[in-house]
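Scroll down for the structure; my scribbles are underneath it.
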Amino acid sequence: MIRASVLIGAAFVVALAAVGSPAEPPRFFFAGNGRLQLHHGHFNTTLDVRYRHADGSYNDTALAEIRRFFRSREDGREGDVSLRLVELLSFVQSRFHPRQMTLMSGYRSPTFNADIRAAGGKAAQASLHTEGLAADVAFAGLDLRRLWLQLRELQVGGAGYYRTGKFLHLDTGKPRFWEETTSRVDENLAAGNARVFVRTDFDRYTDLDGALVNLHSVTRFPLAVRTEARLAGPDGTRTVRLAAARGTQLDGECIVLPEYADAYQFRVAATGEPAPGPGTWRVVLSTCEPRTERTPPEVESNPLEVTRR
């Protein structure tokens with residue numbers, strides 16, 4: 001690229017820098033300002049990190065600090081913490097300005113989650129805490145119920161209002177909202193893969209080739225997904241291929257999830273079809289027969305935006 005100073009002089013360059021060039025939109029629809037500040041209600045420690053650089057890339061050192069901060073509070077095990085969850089918490093922080101956000105529960109190891117259930121505590125069998133997709137957070141300086149209603153209106157994901165415990169449960173699952181008395185956590189609603197859902201690694205893409213697709217709330221094995229998936233969007237559908245990634249293995253025309261793993265991922269591969277144009281799309285996965293228990297025939301992802309060809 002030819003420098004502007006060569007063409008039009010240093011004075012204009014200074015003025016251009018003052019105005020600034022348009023920034024790329026965040027990769028997630030609910031994204032914060034790149035900073036996350038938390039107090040830990042169990043370990044009595046604090047977190048203050050810049051997890052995203054000015055160019056939109058992520059700071060691996062800061063993400064490792066977040067992973068450590070979110071560790072399972074009884075056994076100290078660390079697990080993945082979704083970027084989508086990090087951005088959601090930063091979004092809430094930068095938009096609503098609580099005096100302090102206190103993490104009550106972040107990642108839970110499957111063992112710790114099972115112990116909570118065995119002791120009669122309120123924890124779902126397929127709790128999104130065990131996948132690093134959920135956080136229980138107290139908000140100092142805010143009306144908790146009002147905040148919950150505002151997040152409900154925004155459709156940010158899952159949001160539960162726990163008046164007695166004085167915290168909100170926030171997760172990156174499908175938009176759904178409940179109060180302490182209506183949580184239905186004891187009913188094991190996810191049994192038999194009844195609540196399997198899909199999330200892409202980001203919400204905005206310029207090119208879907210190589211995008212990661214993650215399957216969550218898997219409770220029954222084996223589960224198999226066809227290598228041929230659909231993109232449903234503003235101008236019809238496209239066929240895409242899926243390649244086996246983390247926690248999965250290829251078996252003919254199906255990708256199999258044989259047993260429990262920390263994550264279940266597929267990678268979108270390019271096909272000969274035209275690339276999806278700008279607009280909002282969803283990835284639709286088809287499961288293979290025989291389907292175990294309540295495994296659905298199709299599972300649809302979150303909406304994702306293709307910004308340009």
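By order of appearance in the structure tokens: chains A, B, ..., then residues from 1 within every chain, and ligands from 1 in the order shown.
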
Margin query: Write out as JSON, numbers by chain the set of residues from region 137-292 of chain A that DSSP, computed on the backbone, places in helix (DSSP H, G or I).
Written below: {"A": [144, 145, 146, 147, 148, 149, 150, 151, 152, 153, 154, 180, 181, 182, 185, 186, 187, 191, 192, 193]}

Could you build a table of the residues in region 71-165 of chain A lying no more than 12 Å from region 285-308 of chain A, giving for each the nearest pair of atoms and their separation in Å rounded to one decimal place, using only C-alpha atoms, ordered by chain and ascending residue number, as CSV?
residue,atom,partner,partner_atom,distance
A:Arg84,CA,A:Asn302,CA,11.7
A:Gln155,CA,A:Asn302,CA,12.0
A:Val156,CA,A:Asn302,CA,11.4
A:Gly157,CA,A:Asn302,CA,10.2

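Across A:Met101, A:His40, A:Leu83, A:Tyr107, the tightest approach to Phe70 (chain A) is made by A:Tyr107 when counting only C-alpha atoms.
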
Restrict the calculation to only C-alpha atoms, then for each residue of region 229-249 of chain A with any atom at most 10 Å from an atom of region 214-223 of chain A give the closest atom pair and their distance in Å to one decimal, rows by chain and rising residue number, as a tab-separated table.
residue	atom	partner	partner_atom	distance
A:Ala245	CA	A:Asn214	CA	9.6
A:Arg246	CA	A:Asn214	CA	9.2
A:Thr248	CA	A:Leu223	CA	9.7

Next item on the list: Would you list the contacts of Gly141 (chain A) as number ranges by chain, taking every protein, DNA or RNA residue within 12 Å and counting only C-alpha atoms, but skipping same-chain residues closer than 5 positions in sequence?
Entry: A: 93, 96-102, 146-147, 166

Using N, CA and C atoms, can you export the residues from the last selection as a PDB file, in the first residue's frame?
ATOM      1  N   GLN A  93     -20.393  -5.911  32.073  1.00  0.00           N
ATOM      2  CA  GLN A  93     -19.618  -4.991  32.895  1.00  0.00           C
ATOM      3  C   GLN A  93     -19.513  -3.603  32.261  1.00  0.00           C
ATOM      4  N   PHE A  96     -23.379  -1.985  31.934  1.00  0.00           N
ATOM      5  CA  PHE A  96     -24.198  -1.679  33.103  1.00  0.00           C
ATOM      6  C   PHE A  96     -23.399  -1.120  34.282  1.00  0.00           C
ATOM      7  N   HIS A  97     -22.086  -1.169  34.229  1.00  0.00           N
ATOM      8  CA  HIS A  97     -21.195  -0.528  35.197  1.00  0.00           C
ATOM      9  C   HIS A  97     -21.487  -0.895  36.656  1.00  0.00           C
ATOM     10  N   PRO A  98     -21.451  -2.180  37.006  1.00  0.00           N
ATOM     11  CA  PRO A  98     -21.573  -2.533  38.419  1.00  0.00           C
ATOM     12  C   PRO A  98     -20.368  -2.021  39.198  1.00  0.00           C
ATOM     13  N   ARG A  99     -20.563  -1.779  40.467  1.00  0.00           N
ATOM     14  CA  ARG A  99     -19.439  -1.340  41.302  1.00  0.00           C
ATOM     15  C   ARG A  99     -18.399  -2.457  41.407  1.00  0.00           C
ATOM     16  N   GLN A 100     -18.877  -3.679  41.463  1.00  0.00           N
ATOM     17  CA  GLN A 100     -17.990  -4.846  41.477  1.00  0.00           C
ATOM     18  C   GLN A 100     -18.759  -6.059  40.988  1.00  0.00           C
ATOM     19  N   MET A 101     -18.064  -6.938  40.254  1.00  0.00           N
ATOM     20  CA  MET A 101     -18.626  -8.226  39.849  1.00  0.00           C
ATOM     21  C   MET A 101     -17.861  -9.317  40.593  1.00  0.00           C
ATOM     22  N   THR A 102     -18.602 -10.166  41.298  1.00  0.00           N
ATOM     23  CA  THR A 102     -17.985 -11.236  42.075  1.00  0.00           C
ATOM     24  C   THR A 102     -18.371 -12.586  41.497  1.00  0.00           C
ATOM     25  N   ARG A 146     -33.714  -6.053  38.136  1.00  0.00           N
ATOM     26  CA  ARG A 146     -33.789  -5.157  36.979  1.00  0.00           C
ATOM     27  C   ARG A 146     -32.733  -5.539  35.940  1.00  0.00           C
ATOM     28  N   LEU A 147     -31.513  -5.865  36.408  1.00  0.00           N
ATOM     29  CA  LEU A 147     -30.462  -6.297  35.482  1.00  0.00           C
ATOM     30  C   LEU A 147     -30.889  -7.569  34.752  1.00  0.00           C
ATOM     31  N   LYS A 166     -28.510 -13.985  45.813  1.00  0.00           N
ATOM     32  CA  LYS A 166     -28.088 -12.650  45.380  1.00  0.00           C
ATOM     33  C   LYS A 166     -27.075 -12.709  44.237  1.00  0.00           C
TER      34      LYS A 166
END

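Reported to one decimal place, the separation of CA of Leu151 (chain A) from CA of Arg195 (chain A) is 21.8 Å.
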
Notebook entry, point to check: Which of region 46-291 of chain A counts as strand (DSSP E) under DSSP, as number ranges by chain please?
Noted result: A: 46-50, 100-105, 134-140, 158-162, 167-171, 176-179, 197-200, 204-205, 212-216, 223-226, 228-233, 236-244, 249-251, 254-257, 265-269, 279-286

Check: A:Ser127, A:Glu87, A:Pro26, A:Ala54: which is nearest Ala190 (chain A), counting only C-alpha atoms?
Finding: A:Ser127

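Using only C-alpha atoms for every distance, the candidate list A:Leu89, A:Val284, A:Ala229, A:Ala114 yields A:Leu89 as the residue closest to Val137 (chain A).
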
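Closest to Gly247 (chain A) among A:Glu180, A:Asp143, A:Asp262, A:Asp75 is A:Asp262, based on only C-alpha atoms.
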
Margin query: Set the distance at 9 Å and use only C-alpha atoms: which residues neighbour Glu24 (chain A) once local chain neighbours fewer than 2 positions away are removed? I'd like the list as a PyMOL selection string.
Written below: chain A and resi 22+26-27+55-56

Based on the selection just made, write C-alpha atoms of those residues as a PDB file, in the first residue's frame.
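Output below, filename selection_7.pdb:
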ATOM      1  CA  PRO A  22     -13.343   2.520  11.073  1.00  0.00           C
ATOM      2  CA  PRO A  26     -16.326  -7.380  17.356  1.00  0.00           C
ATOM      3  CA  ARG A  27     -16.348 -11.078  16.528  1.00  0.00           C
ATOM      4  CA  ASP A  55      -6.551  -5.128  16.660  1.00  0.00           C
ATOM      5  CA  GLY A  56      -9.213  -7.623  17.812  1.00  0.00           C
TER       6      GLY A  56
END

Next item on the list: Enter the distance from CA of Pro278 (chain A) to CA of Arg230 (chain A), in Å, rounded to one decimal.
Entry: 16.4 Å

Item checked: Atomic separation - CA of Val196 (chain A) relative to CA of Leu36 (chain A), Å -> 29.2 Å

Checklist line | Shell of 7 Å around region 267-277 of chain A, only C-alpha atoms, local chain residues under 4 positions omitted, as an MDAnalysis selection string | finding: chainID A and resid 208:213 238 240:245 306 308:309

What does the file look like for those residues with C-alpha atoms, as a PDB file, in the first residue's frame?
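Written output follows (selection17.pdb):
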ATOM      1  CA  LEU A 208     -16.597 -19.701   7.069  1.00  0.00           C
ATOM      2  CA  ASP A 209     -13.929 -22.051   5.741  1.00  0.00           C
ATOM      3  CA  GLY A 210     -12.116 -23.350   8.824  1.00  0.00           C
ATOM      4  CA  ALA A 211     -14.701 -22.131  11.342  1.00  0.00           C
ATOM      5  CA  LEU A 212     -15.105 -24.327  14.411  1.00  0.00           C
ATOM      6  CA  VAL A 213     -18.489 -25.749  15.374  1.00  0.00           C
ATOM      7  CA  ARG A 238     -25.605 -24.085   1.089  1.00  0.00           C
ATOM      8  CA  VAL A 240     -20.846 -27.584   3.738  1.00  0.00           C
ATOM      9  CA  ARG A 241     -18.626 -30.406   4.873  1.00  0.00           C
ATOM     10  CA  LEU A 242     -17.548 -31.028   8.433  1.00  0.00           C
ATOM     11  CA  ALA A 243     -14.190 -32.465   9.412  1.00  0.00           C
ATOM     12  CA  ALA A 244     -13.607 -34.277  12.705  1.00  0.00           C
ATOM     13  CA  ALA A 245     -11.765 -32.193  15.279  1.00  0.00           C
ATOM     14  CA  VAL A 306     -21.062 -13.185   7.194  1.00  0.00           C
ATOM     15  CA  ARG A 308     -18.591  -9.789   3.206  1.00  0.00           C
ATOM     16  CA  ARG A 309     -17.523 -12.236   0.536  1.00  0.00           C
TER      17      ARG A 309
END
